[in-house]
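A.B. asks: Next comes the structure file entry.cif, holding mmCIF, C-alpha atoms.
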```cif
data_query
#
loop_
_atom_site.label_atom_id
_atom_site.label_comp_id
_atom_site.auth_asym_id
_atom_site.auth_seq_id
_atom_site.Cartn_x
_atom_site.Cartn_y
_atom_site.Cartn_z
CA MET P 102 -63.05 -105.61 -6.08
CA ARG P 103 -60.00 -103.50 -6.83
CA CYS P 104 -58.86 -100.59 -4.64
CA ARG P 105 -59.73 -98.05 -7.32
CA ALA P 106 -63.33 -99.26 -7.48
CA ALA P 107 -63.47 -99.54 -3.70
CA GLN P 108 -62.48 -95.89 -3.30
CA ARG P 109 -65.27 -94.83 -5.64
CA ARG P 110 -67.73 -96.93 -3.62
CA LEU P 111 -66.46 -95.40 -0.38
CA SER P 112 -67.43 -91.97 -1.67
CA ASP P 113 -70.90 -93.30 -2.59
CA GLU P 114 -71.16 -94.89 0.85
CA LEU P 115 -70.50 -91.56 2.55
CA ASP P 116 -73.22 -89.97 0.43
CA GLY P 117 -75.68 -92.76 1.20
CA THR P 118 -76.09 -93.91 -2.38
CA LEU P 119 -74.48 -97.33 -2.17
CA ASP P 120 -76.84 -100.21 -2.92
CA PRO P 121 -76.74 -103.35 -0.67
CA GLY P 122 -75.04 -105.56 -3.24
CA ARG P 123 -72.13 -103.18 -3.76
CA ARG P 124 -71.95 -102.50 -0.06
CA SER P 125 -71.37 -106.17 0.75
CA ARG P 126 -68.65 -106.41 -1.90
CA LEU P 127 -67.04 -103.25 -0.53
CA GLU P 128 -67.10 -104.63 3.02
CA ALA P 129 -65.47 -107.81 1.80
CA HIS P 130 -62.70 -105.78 0.17
CA LEU P 131 -62.15 -103.62 3.24
CA ARG P 132 -61.69 -106.67 5.44
CA VAL P 133 -58.59 -107.62 3.45
CA CYS P 134 -57.27 -104.16 2.41
CA PRO P 135 -55.69 -101.95 5.12
CA ALA P 136 -54.96 -99.19 2.57
CA CYS P 137 -58.64 -98.83 1.73
CA ARG P 138 -59.57 -98.93 5.40
CA ALA P 139 -57.16 -96.05 5.99
CA TYR P 140 -58.65 -94.25 3.02
CA ARG P 141 -62.13 -94.62 4.52
CA GLY P 142 -60.87 -93.27 7.84
CA GLY P 143 -59.39 -90.23 6.08
CA LEU P 144 -62.62 -89.52 4.20
CA ALA P 145 -64.67 -89.82 7.39
CA ARG P 146 -62.44 -87.30 9.18
CA LEU P 147 -62.60 -84.99 6.23
CA GLN P 148 -66.40 -85.22 6.20
CA ALA P 149 -66.53 -84.40 9.89
CA GLU P 150 -64.67 -81.14 9.25
CA VAL P 151 -67.06 -79.95 6.57
CA ARG P 152 -69.41 -77.90 8.66
CA PRO P 153 -72.75 -77.17 7.10
CA GLU P 154 -73.25 -73.64 8.45
CA ALA P 155 -69.74 -72.23 8.37
CA GLY P 156 -70.28 -71.10 11.97
CA ARG P 157 -71.91 -67.68 11.95
CA SER P 158 -73.50 -66.09 14.98
CA ALA P 159 -77.15 -65.15 15.50
CA GLU P 160 -76.11 -61.47 15.40
CA TYR P 161 -74.55 -62.03 12.03
CA TRP P 162 -77.79 -63.49 10.62
CA ALA P 163 -79.84 -60.64 12.05
CA GLY P 164 -77.50 -58.18 10.34
CA PHE P 165 -77.56 -60.20 7.14
CA GLU P 166 -81.37 -60.05 7.01
CA LYS P 167 -81.40 -56.34 7.81
CA ARG P 168 -78.95 -55.53 5.03
CA LEU P 169 -80.90 -57.66 2.62
CA GLU P 170 -84.12 -55.88 3.61
CA ALA P 171 -82.51 -52.53 2.87
CA ARG P 172 -81.34 -53.71 -0.54
CA LEU P 173 -84.78 -55.13 -1.31
CA ASP P 174 -86.30 -51.77 -0.38
CA GLY P 175 -84.00 -50.18 -2.93
CA GLU P 176 -84.98 -52.80 -5.50
CA GLU P 177 -88.68 -52.19 -4.92
CA ALA P 178 -88.29 -48.44 -5.16
CA GLY P 179 -86.44 -48.89 -8.43
CA ARG P 180 -89.07 -51.29 -9.72
CA ARG P 181 -91.90 -48.88 -8.88
CA ALA P 182 -90.12 -46.11 -10.70
CA VAL P 183 -89.69 -48.31 -13.76
CA GLU P 184 -93.32 -49.40 -13.67
CA ARG P 185 -94.45 -45.75 -13.44
CA PRO P 186 -91.96 -43.88 -15.57
CA PHE P 187 -93.90 -40.62 -15.32
CA ALA P 188 -93.57 -40.43 -11.56
CA GLY P 189 -91.39 -37.91 -9.77
CA ARG P 190 -88.04 -37.04 -11.28
CA ARG P 191 -88.38 -39.72 -13.87
CA ARG P 192 -91.47 -37.96 -15.19
CA VAL P 193 -89.42 -34.83 -15.84
CA ALA P 194 -86.62 -36.86 -17.41
CA TRP P 195 -89.03 -38.71 -19.67
CA ALA P 196 -90.77 -35.46 -20.63
CA VAL P 197 -87.48 -33.77 -21.50
CA ALA P 198 -86.35 -36.80 -23.48
CA GLY P 199 -89.70 -36.92 -25.29
CA LEU P 200 -89.59 -33.24 -26.15
CA ALA P 201 -86.03 -33.51 -27.37
CA LEU P 202 -86.96 -36.45 -29.56
CA ALA P 203 -90.02 -34.65 -30.90
CA ALA P 204 -87.95 -31.56 -31.62
CA VAL P 205 -85.37 -33.57 -33.52
CA ALA P 206 -88.07 -35.39 -35.49
CA ALA P 207 -89.94 -32.17 -36.22
CA ALA P 208 -86.78 -30.39 -37.21
CA TRP P 209 -85.85 -33.13 -39.61
CA PHE P 210 -89.20 -34.02 -41.11
CA GLY P 211 -90.85 -30.65 -40.95
CA LEU P 212 -88.24 -27.98 -40.95
CA LEU P 213 -84.65 -28.86 -41.62
CA ARG P 214 -85.20 -31.43 -44.32
CA PRO P 215 -84.63 -29.76 -47.66
CA ARG P 216 -87.90 -29.49 -49.46
CA PRO P 217 -89.32 -27.61 -52.38
CA ILE P 218 -90.80 -24.27 -51.60
CA LEU P 219 -94.54 -24.66 -51.46
CA ILE P 220 -96.13 -21.37 -52.28
CA ALA P 221 -99.34 -22.33 -50.54
CA ASP P 222 -97.33 -22.51 -47.31
CA TRP P 223 -96.42 -18.88 -47.50
CA PRO P 224 -98.48 -16.52 -45.46
CA GLN P 225 -100.92 -14.18 -47.07
CA ASP P 226 -100.37 -10.52 -46.67
CA GLU P 227 -102.21 -7.33 -47.08
CA TYR P 228 -100.45 -6.41 -50.29
CA GLY P 229 -102.27 -9.03 -52.25
CA LEU P 230 -99.51 -11.57 -52.68
CA ALA P 231 -101.86 -14.38 -51.80
CA PRO P 232 -103.83 -14.41 -55.04
CA LEU P 233 -100.57 -14.28 -56.98
CA LEU P 234 -99.07 -17.10 -54.99
CA LEU P 235 -102.12 -19.28 -55.43
CA GLU P 236 -102.07 -18.55 -59.12
CA ALA P 237 -98.36 -19.39 -59.26
CA GLU P 238 -99.07 -22.76 -57.74
CA ALA P 239 -101.25 -23.65 -60.69
CA ASP P 240 -98.89 -22.20 -63.29
CA PRO P 241 -95.36 -23.65 -63.22
CA GLU P 242 -93.86 -20.82 -65.24
CA LEU P 243 -95.37 -18.20 -63.01
CA GLY P 244 -94.32 -20.29 -60.00
CA ARG P 245 -90.68 -20.27 -61.09
CA ALA P 246 -90.81 -16.52 -61.63
CA VAL P 247 -92.33 -15.87 -58.23
CA GLU P 248 -89.90 -18.17 -56.54
CA GLY P 249 -86.94 -16.46 -58.22
CA GLU P 250 -88.22 -13.08 -57.15
CA ILE P 251 -88.81 -14.14 -53.63
CA ARG P 252 -85.39 -15.72 -53.37
CA ALA P 253 -83.80 -12.53 -54.60
CA SER P 254 -85.86 -10.46 -52.19
CA ILE P 255 -84.96 -12.69 -49.29
CA ARG P 256 -81.27 -12.28 -50.12
CA GLU P 257 -81.68 -8.57 -49.91
CA ILE P 258 -83.64 -8.71 -46.70
CA ALA P 259 -81.57 -11.38 -45.05
CA PRO P 260 -78.05 -11.29 -46.47
CA ALA P 261 -76.83 -13.77 -43.88
CA ALA P 262 -78.87 -16.42 -45.63
CA ASP P 263 -77.00 -16.02 -48.85
CA ALA P 264 -76.26 -19.71 -49.28
CA ASP P 265 -79.83 -20.75 -49.51
CA ALA P 266 -82.29 -18.07 -48.57
CA ALA P 267 -85.29 -20.20 -49.42
CA ALA P 268 -84.07 -22.93 -47.16
CA LEU P 269 -83.72 -20.38 -44.41
CA ALA P 270 -87.27 -19.28 -44.96
CA ALA P 271 -88.43 -22.86 -44.97
CA ALA P 272 -86.50 -23.56 -41.78
CA ASP P 273 -88.17 -20.69 -40.02
CA PRO P 274 -91.92 -20.67 -40.36
CA LEU P 275 -92.01 -17.29 -38.68
CA PHE P 276 -89.71 -15.81 -41.29
CA TRP P 277 -92.53 -14.25 -43.22
CA GLU P 278 -94.33 -13.16 -40.14
CA GLY P 279 -91.19 -11.39 -39.07
CA LEU P 280 -91.09 -9.24 -42.18
CA SER P 281 -92.20 -5.68 -41.90
CA GLU P 282 -94.81 -4.18 -44.18
CA GLU P 283 -92.04 -2.31 -45.92
CA GLU P 284 -90.14 -5.50 -46.64
CA LEU P 285 -93.20 -7.30 -47.91
CA GLY P 286 -93.93 -4.28 -50.04
CA ALA P 287 -90.44 -4.46 -51.49
CA ILE P 288 -91.01 -8.08 -52.47
CA ALA P 289 -94.30 -7.28 -54.12
CA ALA P 290 -92.79 -4.28 -55.93
CA GLY P 291 -89.99 -6.45 -57.21
CA LEU P 292 -92.46 -8.95 -58.57
CA GLU P 293 -94.40 -6.12 -60.21
CA ARG P 294 -91.30 -4.59 -61.68
CA ASP P 295 -89.60 -7.72 -62.98
CA ASN P 296 -92.51 -9.87 -63.91
CA GLY P 297 -95.49 -7.54 -64.16
CA LEU P 298 -97.05 -9.44 -61.32
CA GLY P 299 -98.43 -8.66 -57.91
CA GLY P 300 -97.96 -5.37 -56.16
CA PRO P 301 -100.04 -3.66 -53.52
CA LYS P 302 -103.67 -3.38 -54.27
CA MET N 278 -94.19 -69.60 -1.44
CA ASP N 279 -97.17 -68.41 -3.49
CA GLU N 280 -97.32 -65.24 -1.44
CA ALA N 281 -93.62 -64.62 -2.12
CA ARG N 282 -94.22 -65.20 -5.84
CA ARG N 283 -96.88 -62.51 -5.77
CA GLY N 284 -94.30 -60.13 -4.41
CA GLY N 285 -95.02 -60.54 -0.70
CA ARG N 286 -92.01 -59.21 1.16
CA GLU N 287 -92.83 -60.89 4.46
CA ALA N 288 -93.25 -64.26 2.77
CA PHE N 289 -89.96 -63.77 0.96
CA ALA N 290 -88.27 -62.80 4.24
CA GLU N 291 -89.46 -66.10 5.67
CA LEU N 292 -87.92 -67.95 2.73
CA VAL N 293 -84.68 -66.07 3.35
CA ARG N 294 -84.71 -67.08 7.02
CA ARG N 295 -85.26 -70.71 6.07
CA HIS N 296 -82.52 -70.90 3.46
CA GLU N 297 -79.93 -68.26 4.34
CA ARG N 298 -77.60 -70.62 6.18
CA ARG N 299 -77.59 -73.16 3.40
CA VAL N 300 -77.10 -70.53 0.72
CA TYR N 301 -74.31 -68.96 2.74
CA GLY N 302 -72.74 -72.40 3.22
CA VAL N 303 -72.64 -73.04 -0.53
CA CYS N 304 -71.24 -69.57 -1.20
CA PHE N 305 -68.61 -70.01 1.47
CA ARG N 306 -67.54 -73.40 0.13
CA MET N 307 -67.34 -71.92 -3.35
CA ALA N 308 -65.57 -68.66 -2.47
CA GLY N 309 -63.52 -69.89 0.50
CA ASP N 310 -63.88 -66.53 2.21
CA HIS N 311 -66.48 -65.24 4.63
CA ALA N 312 -66.62 -61.67 3.30
CA GLU N 313 -67.09 -62.90 -0.25
CA ALA N 314 -69.63 -65.48 0.89
CA ASP N 315 -71.61 -62.71 2.57
CA ASP N 316 -71.68 -60.61 -0.61
CA LEU N 317 -72.55 -63.63 -2.72
CA ALA N 318 -75.36 -64.77 -0.43
CA GLN N 319 -76.89 -61.28 -0.52
CA GLU N 320 -76.63 -61.31 -4.29
CA VAL N 321 -78.27 -64.74 -4.45
CA PHE N 322 -81.34 -63.55 -2.54
CA LEU N 323 -81.56 -60.35 -4.57
CA THR N 324 -81.47 -62.42 -7.75
CA ALA N 325 -84.12 -64.74 -6.32
CA TRP N 326 -86.31 -61.75 -5.44
CA ARG N 327 -86.03 -60.35 -8.94
CA ALA N 328 -86.79 -63.72 -10.52
CA ILE N 329 -89.26 -65.20 -8.07
CA GLY N 330 -92.15 -64.53 -10.42
CA SER N 331 -90.59 -66.94 -12.90
CA PHE N 332 -90.06 -69.69 -10.32
CA ARG N 333 -91.94 -72.80 -11.40
CA ARG N 334 -93.59 -74.99 -8.85
CA ASN N 335 -92.47 -78.19 -10.54
CA SER N 336 -89.09 -77.77 -8.83
CA SER N 337 -88.52 -77.23 -5.15
CA PHE N 338 -87.53 -73.81 -3.92
CA TYR N 339 -84.32 -75.00 -2.31
CA THR N 340 -83.19 -76.64 -5.56
CA TRP N 341 -83.90 -73.35 -7.31
CA ILE N 342 -82.13 -71.18 -4.75
CA TYR N 343 -79.15 -73.53 -4.66
CA ARG N 344 -78.89 -73.28 -8.42
CA ILE N 345 -78.81 -69.50 -8.15
CA ALA N 346 -76.17 -69.80 -5.42
CA VAL N 347 -73.96 -72.09 -7.49
CA ASN N 348 -74.31 -70.02 -10.65
CA THR N 349 -73.66 -66.76 -8.81
CA SER N 350 -70.60 -68.29 -7.19
CA LEU N 351 -69.27 -69.73 -10.43
CA THR N 352 -69.65 -66.35 -12.11
CA HIS N 353 -67.84 -64.76 -9.18
CA LEU N 354 -65.01 -67.29 -9.41
CA LYS N 355 -64.58 -66.66 -13.13
CA LYS N 356 -64.42 -62.92 -12.52
CA LYS N 357 -61.96 -63.43 -9.70
CA ARG N 358 -59.78 -65.63 -11.88
CA ARG N 359 -59.72 -62.97 -14.60
CA GLU N 360 -58.81 -60.27 -12.09
CA LYS N 361 -56.09 -62.47 -10.65
CA ALA N 362 -54.69 -63.10 -14.11
CA ARG N 363 -54.68 -59.35 -14.78
CA ALA N 364 -52.99 -58.65 -11.48
CA ALA N 365 -50.31 -61.23 -12.27
CA PHE N 366 -49.37 -59.18 -15.31
CA ASP N 367 -49.23 -56.00 -13.34
CA GLU N 368 -45.73 -55.77 -11.95
CA ASN N 369 -46.72 -53.06 -9.55
CA ALA N 370 -49.72 -54.90 -8.14
CA ALA N 371 -49.36 -55.88 -4.54
CA VAL N 372 -50.19 -59.55 -4.32
CA PRO N 373 -51.29 -60.54 -0.82
CA VAL N 374 -49.38 -63.49 0.52
CA PRO N 375 -51.80 -66.09 1.90
CA VAL N 376 -51.02 -67.46 5.30
CA PRO N 377 -51.43 -71.23 5.15
CA GLY N 378 -54.18 -72.41 7.40
CA ALA N 379 -55.17 -68.94 8.51
CA PRO N 380 -58.95 -68.66 8.85
CA SER N 381 -60.54 -65.71 7.13
CA SER N 382 -63.58 -65.38 9.35
CA PRO N 383 -64.19 -61.87 10.61
CA GLU N 384 -65.64 -63.37 13.77
CA GLY N 385 -62.28 -64.38 15.08
CA SER N 386 -59.95 -67.25 14.59
CA SER N 387 -60.40 -68.86 17.97
CA ALA N 388 -63.53 -70.67 16.90
CA LEU N 389 -61.82 -72.31 14.00
CA ASN N 390 -59.21 -74.93 14.52
CA GLU N 391 -56.29 -75.50 12.27
CA LEU N 392 -57.71 -78.57 10.55
CA LYS N 393 -60.86 -76.65 9.68
CA GLY N 394 -58.76 -73.92 8.11
CA ARG N 395 -56.78 -76.44 6.12
CA VAL N 396 -59.92 -78.19 4.92
CA ASP N 397 -61.44 -74.87 3.81
CA GLU N 398 -58.26 -73.99 1.98
CA ALA N 399 -58.10 -77.39 0.31
CA VAL N 400 -61.75 -77.21 -0.74
CA GLY N 401 -61.01 -73.77 -2.19
CA SER N 402 -58.31 -75.29 -4.36
CA LEU N 403 -60.67 -77.79 -6.01
CA PRO N 404 -61.73 -77.21 -9.61
CA ALA N 405 -64.91 -75.12 -9.60
CA HIS N 406 -67.36 -77.84 -10.63
CA PHE N 407 -65.89 -80.34 -8.18
CA ARG N 408 -66.18 -77.66 -5.55
CA ALA N 409 -69.83 -77.04 -6.39
CA SER N 410 -70.67 -80.74 -6.09
CA PHE N 411 -68.71 -81.00 -2.86
CA ALA N 412 -70.40 -77.91 -1.40
CA LEU N 413 -73.85 -79.27 -2.13
CA VAL N 414 -73.37 -82.91 -1.17
CA ALA N 415 -70.74 -82.91 1.56
CA GLY N 416 -71.42 -79.40 2.82
CA GLU N 417 -75.19 -79.20 2.59
CA GLY N 418 -76.13 -82.87 2.62
CA LEU N 419 -77.98 -82.93 -0.69
CA SER N 420 -78.52 -86.28 -2.33
CA HIS N 421 -76.78 -86.96 -5.60
CA ARG N 422 -80.17 -86.64 -7.30
CA ASP N 423 -80.89 -83.20 -5.88
CA ALA N 424 -77.35 -82.00 -6.51
CA ALA N 425 -77.70 -83.22 -10.10
CA ARG N 426 -80.88 -81.16 -10.44
CA VAL N 427 -79.14 -78.08 -9.09
CA LEU N 428 -76.08 -78.52 -11.26
CA GLY N 429 -77.91 -79.62 -14.37
CA CYS N 430 -75.95 -82.85 -14.77
CA SER N 431 -76.53 -86.58 -14.17
CA GLU N 432 -76.39 -88.33 -10.80
CA ASN N 433 -73.43 -90.35 -12.07
CA CYS N 434 -71.64 -87.12 -12.86
CA VAL N 435 -72.20 -85.89 -9.30
CA ALA N 436 -71.03 -89.24 -7.86
CA TRP N 437 -67.90 -89.14 -9.98
CA ARG N 438 -67.13 -85.52 -9.08
CA MET N 439 -67.59 -86.32 -5.39
CA HIS N 440 -65.21 -89.24 -5.66
CA LYS N 441 -62.61 -87.16 -7.45
CA ALA N 442 -63.04 -84.21 -5.09
CA ARG N 443 -62.57 -86.45 -2.05
CA LYS N 444 -59.56 -88.10 -3.61
CA LEU N 445 -57.96 -84.73 -4.29
CA LEU N 446 -58.76 -83.43 -0.82
CA ARG N 447 -57.56 -86.55 0.86
CA ALA N 448 -54.29 -86.43 -1.12
CA ARG N 449 -53.75 -82.82 -0.14
CA LEU N 450 -54.68 -83.26 3.50
CA ARG N 451 -53.39 -86.76 3.98
CA PRO N 452 -50.53 -86.06 6.38
CA PHE N 453 -52.71 -83.81 8.45
CA LEU N 454 -55.69 -86.17 8.51
CA GLU N 455 -53.46 -89.02 9.60
CA GLU N 456 -51.90 -86.81 12.28
CA VAL N 457 -55.28 -85.98 13.68
CA GLY N 458 -56.42 -89.55 13.38
CA SER N 459 -53.44 -90.97 15.21
#
```
Take the structure from the file and write it as structure tokens.
C.D. replies:
Amino acid sequence: MRCRAAQRRLSDELDGTLDPGRRSRLEAHLRVCPACRAYRGGLARLQAEVRPEAGRSAEYWAGFEKRLEARLDGEEAGRRAVERPFAGRRRVAWAVAGLALAAVAAAWFGLLRPRPILIADWPQDEYGLAPLLLEAEADPELGRAVEGEIRASIREIAPAADADAAALAAADPLFWEGLSEEELGAIAAGLERDNGLGGPK
Amino acid sequence: MDEARRGGREAFAELVRRHERRVYGVCFRMAGDHAEADDLAQEVFLTAWRAIGSFRRNSSFYTWIYRIAVNTSLTHLKKKRREKARAAFDENAAVPVPVPGAPSSPEGSSALNELKGRVDEAVGSLPAHFRASFALVAGEGLSHRDAARVLGCSENCVAWRMHKARKLLRARLRPFLEEVGS
């Protein structure tokens, strides 16, 4: 056995994994090799210095367990909150987030997204616009005329919405509800005047 | 064990009491510093608590917890190496000068002799995977087979790493070991 192999076997011997055959060959080598005997002595001293517990006191371990307990408490509290997202403050946070998301979705899909003006969506009023509007829905030419009139009327009523008054009306479902009788009357009169349509009954 | 898997805190506390010293020992051998070993050992048990539901009974708990300890420590060492590399580039960074042989235990240096300090320092200088094998086998007394399970390598690999680790340590500590031995 060479010294190099013997040193490898010495490490195995220390770890208790050396089989009897190799052990006897190692012992034979050690009997004639002082260098490897010294090497074994060095490894044995090294092993003796490797303390398994790194020398901590009982107080240390008590403190260690206490700190770990506190951190586990925190973990459990966090886990409970995750499992029940609608509990406590998280409930409020989730509700706010949900509302915000719903508002964004509604604004995009229902309100802000540009869409054609649907006459049937417009509110009825006491001046008899409803029959006209329903009729306009069935007649494209009449529909275009009514839409043009209403756009023009909206520009007069709401000059701030000059870029796209219809879009403003579509964005605000209460727009029509916010109009006074006088304003609605003006729209109807305009339709009557320009297109021979509508007007107060 | 089953109780701990179902989320039983008392059962888990018992597992902690049984394994804390061994886990700490591995972390200390890997980090080479008591304060870091303390943080790492806490992190190991927190990780175990989070993952205990996924623990499979076909492996022993101590193999599992040792694996967490080694992986946590290796991750820590990588992070530490990166930070050290960053600090080396920072001209204004104050680099602490290590005192050779000085023990880092907060519980006082009197309990630790000089050879112990030198051995700890030398172990800390081993390549990380050699250090992990050494911590498990020489430090904690695991068999090559169990260490191989923890480290995810073959028994031969563990045996070879142990041989190389001892050779490196012996070369580094040789004058001192011979002094003590004489």
A.B. asks: On this structure, which residues satisfy the PyMOL selection byres ((chain N) within 9 of (chain P)), written as a VMD selection string?
C.D. replies: chain N and resid 286 290 293 to 294 297 to 299 301 to 303 305 to 306 311 315 319 to 320 322 to 323 326 to 327 384 388 to 389 392 to 393 396 to 397 412 414 to 421 436 to 437 439 to 441 443 to 444 446 to 447 450 to 451 454 to 455 457 to 458
A.B. asks: What is the CA of Phe289 (chain N)-CA of Ala325 (chain N) distance in Å, reported with one decimal?
C.D. replies: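 About the pair CA of Phe289 (chain N) and CA of Ala325 (chain N): they are 9.4 Å apart.
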A.B. asks: Quote the spacing between CA of Ser402 (chain N) and CA of Thr352 (chain N) in Å to one decimal place.
C.D. replies: 16.4 Å
A.B. asks: In Å to one decimal, how far is CA of Tyr339 (chain N) from CA of Pro121 (chain P)?
C.D. replies: 29.4 Å
A.B. asks: List, as a list in words, every residue that the PyMOL selection byres ((chain N and resi 423) around 10) selects in the file provided.
C.D. replies: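 Applied to this file, the PyMOL selection byres ((chain N and resi 423) around 10) returns Ser337, Tyr339, Thr340, Tyr343, Leu413, Val414, Gly418, Leu419, Ser420, His421, Arg422, Ala424, Ala425, Arg426, Val427, Leu428, Gly429, Ser431, Glu432 and Val435 of chain N.
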